[in-house]
Amino acid sequence: MKKTALLVIDVQAFMFSESNPVYNGKTLLNNLNKLIDKARATNTPIFYIQHSEEGSPLEYGTPGWEIQSDIAPIDGDIIIHKTTPDSFFKTNLKEELAKQEINHLVMAGIQTEICVDTTTRNAFGNGYEITLVTDAHSTWDSDELTADQIIKHHNQTLRWLAEPKTTSEIVF
């Protein structure tokens, strides 16, 4: 039997700074809120992944490190702290998922080509069924590609590991 959880990866205050906001941030937050509402309406567990990096705007406990207030967790949501791009590496994510017998992960969040990609690949390698929400992850332009190109590329590439669906197609 499939038991699902929503993973919201690294959607933190700093990612929406006025000086360098994540690509398409308002749409991202809107889609994440729709996913969160759908998950809560069906009592689907929500896991917030929160990255910290010493000496950066994402340093543990700083304002930039906080989960973005528009999608803030509520009592019962689970917060997993990490220090690498992989939400499983040196965290208790796998144990927390096992406690609830979760075997299907719906992936969303930031940063497409780093933390979303790495977590999706590791989840696949650990035997999870995965859905990638194609319009609910984002990034920034790189020197070589626009954020839109990076997102489209990863939606295409990760389809080998995860079923791609839009926010409107997600049913918990």
# chains A, B, ... in the order shown; residues from 1 in each chain; ligands from 1
call {"tool": "closest_atom_pairs", "arguments": {"of": "stretch 17-65 of chain A", "to": "stretch 133-146 of chain A", "cutoff": "12 Å", "atoms": "only C-alpha atoms", "output": "CSV"}}
result
residue,atom,partner,partner_atom,distance
A:Asn20,CA,A:Trp140,CA,8.4
A:Pro21,CA,A:Trp140,CA,7.9
A:Val22,CA,A:Trp140,CA,5.6
A:Tyr23,CA,A:Trp140,CA,5.6
A:Asn24,CA,A:Ser138,CA,7.4
A:Gly25,CA,A:Ser138,CA,7.7
A:Lys26,CA,A:Ala136,CA,10.7
A:Thr27,CA,A:Ala136,CA,8.1
A:Leu28,CA,A:Ala136,CA,5.4
A:Leu29,CA,A:Ala136,CA,7.9
A:Asn30,CA,A:Ala136,CA,8.7
A:Asn31,CA,A:Ala136,CA,5.8
A:Leu32,CA,A:Ala136,CA,6.2
A:Asn33,CA,A:Ala136,CA,9.7
A:Lys34,CA,A:Ala136,CA,9.8
A:Leu35,CA,A:Ala136,CA,8.7
A:Ile36,CA,A:Ala136,CA,11.2
call {"tool": "write_last_selection", "arguments": {"atoms": "C-alpha atoms", "output": "compact mmCIF listing (two decimals), in the first residue's frame"}}
result
# COMPACT_ATOMS: atom_id res chain seq x y z
CA ASN A 20 18.48 37.99 -5.29
CA PRO A 21 15.12 36.22 -4.99
CA VAL A 22 14.58 32.68 -6.22
CA TYR A 23 13.15 32.48 -9.76
CA ASN A 24 9.37 32.80 -9.95
CA GLY A 25 9.15 32.96 -6.14
CA LYS A 26 5.53 34.12 -5.86
CA THR A 27 4.30 31.31 -8.09
CA LEU A 28 6.46 28.83 -6.20
CA LEU A 29 4.94 29.90 -2.86
CA ASN A 30 1.44 29.81 -4.32
CA ASN A 31 1.96 26.25 -5.61
CA LEU A 32 3.56 25.14 -2.34
CA ASN A 33 0.60 26.50 -0.40
CA LYS A 34 -1.77 24.56 -2.65
CA LEU A 35 0.24 21.37 -2.03
CA ILE A 36 0.37 21.98 1.71
call {"tool": "select_by_dssp", "arguments": {"residues": "stretch 30-89 of chain A", "states": "strand (DSSP E)", "output": "list in words"}}
result
Ile46, Phe47, Tyr48, Ile49, Gln50, His51, Ile78, Ile79, Ile80, His81 and Lys82 of chain A
call {"tool": "select_by_dssp", "arguments": {"residues": "chain A", "states": "helix (DSSP H, G or I)", "output": "PyMOL selection string"}}
result
chain A and resi 13-16+25-41+63-65+69-71+93-99+112-125+147-160+167-169
call {"tool": "closest_residue", "arguments": {"among": "A:Ala108, A:Ala5, A:Ala162, A:Ala13", "to": "A:Thr62", "atoms": "only C-alpha atoms"}}
result
A:Ala13
call {"tool": "closest_residue", "arguments": {"among": "A:Phe172, A:Tyr128, A:Phe14, A:Trp160", "to": "A:Leu58", "atoms": "only C-alpha atoms"}}
result
A:Phe14
call {"tool": "atom_distance", "arguments": {"atom1": "atom CA of A:Glu53", "atom2": "atom CA of A:Asn155"}}
result
26.8 Å
call {"tool": "atom_distance", "arguments": {"atom1": "atom CA of A:Lys94", "atom2": "atom CA of A:Ser56"}}
result
26.6 Å
call {"tool": "residues_around", "arguments": {"residues": "A:Pro63", "least_positions_apart": "3", "cutoff": "12 Å", "atoms": "only C-alpha atoms", "output": "MDAnalysis selection string"}}
result
chainID A and resid 12:17 52 56:60 66:69
call {"tool": "atom_distance", "arguments": {"atom1": "atom CA of A:Thr112", "atom2": "atom CA of A:Pro85"}}
result
10.5 Å
call {"tool": "closest_atom_pairs", "arguments": {"of": "stretch 56-86 of chain A", "to": "stretch 113-125 of chain A", "cutoff": "12 Å", "atoms": "only C-alpha atoms", "output": "JSON lines"}}
result
{"residue": "A:Lys82", "atom": "CA", "partner": "A:Cys115", "partner_atom": "CA", "distance": 10.3}
{"residue": "A:Thr83", "atom": "CA", "partner": "A:Cys115", "partner_atom": "CA", "distance": 10.5}
{"residue": "A:Thr84", "atom": "CA", "partner": "A:Cys115", "partner_atom": "CA", "distance": 8.0}
{"residue": "A:Pro85", "atom": "CA", "partner": "A:Cys115", "partner_atom": "CA", "distance": 4.3}
{"residue": "A:Asp86", "atom": "CA", "partner": "A:Thr119", "partner_atom": "CA", "distance": 4.9}
call {"tool": "residues_around", "arguments": {"residues": "A:Gly109", "least_positions_apart": "3", "cutoff": "6 Å", "atoms": "only C-alpha atoms", "output": "number ranges by chain"}}
result
A: 8-9, 11, 137
call {"tool": "residues_around", "arguments": {"residues": "A:Met1", "least_positions_apart": "5", "cutoff": "12 Å", "atoms": "only C-alpha atoms", "output": "ChimeraX atom specification"}}
result
/A:101-104,129
call {"tool": "closest_residue", "arguments": {"among": "A:Asn126, A:Ser19, A:Gln149, A:Thr44", "to": "A:Leu6", "atoms": "only C-alpha atoms"}}
result
A:Thr44
call {"tool": "closest_residue", "arguments": {"among": "A:Ile151, A:Ala98, A:Ala72, A:Leu7", "to": "A:Ala39", "atoms": "only C-alpha atoms"}}
result
A:Leu7
call {"tool": "closest_residue", "arguments": {"among": "A:Glu18, A:Ser87, A:Ile74, A:Met107", "to": "A:His51", "atoms": "only C-alpha atoms"}}
result
A:Ser87
call {"tool": "closest_residue", "arguments": {"among": "A:Ile80, A:Ala147, A:Ala41, A:Ile46", "to": "A:Val106", "atoms": "only C-alpha atoms"}}
result
A:Ile46
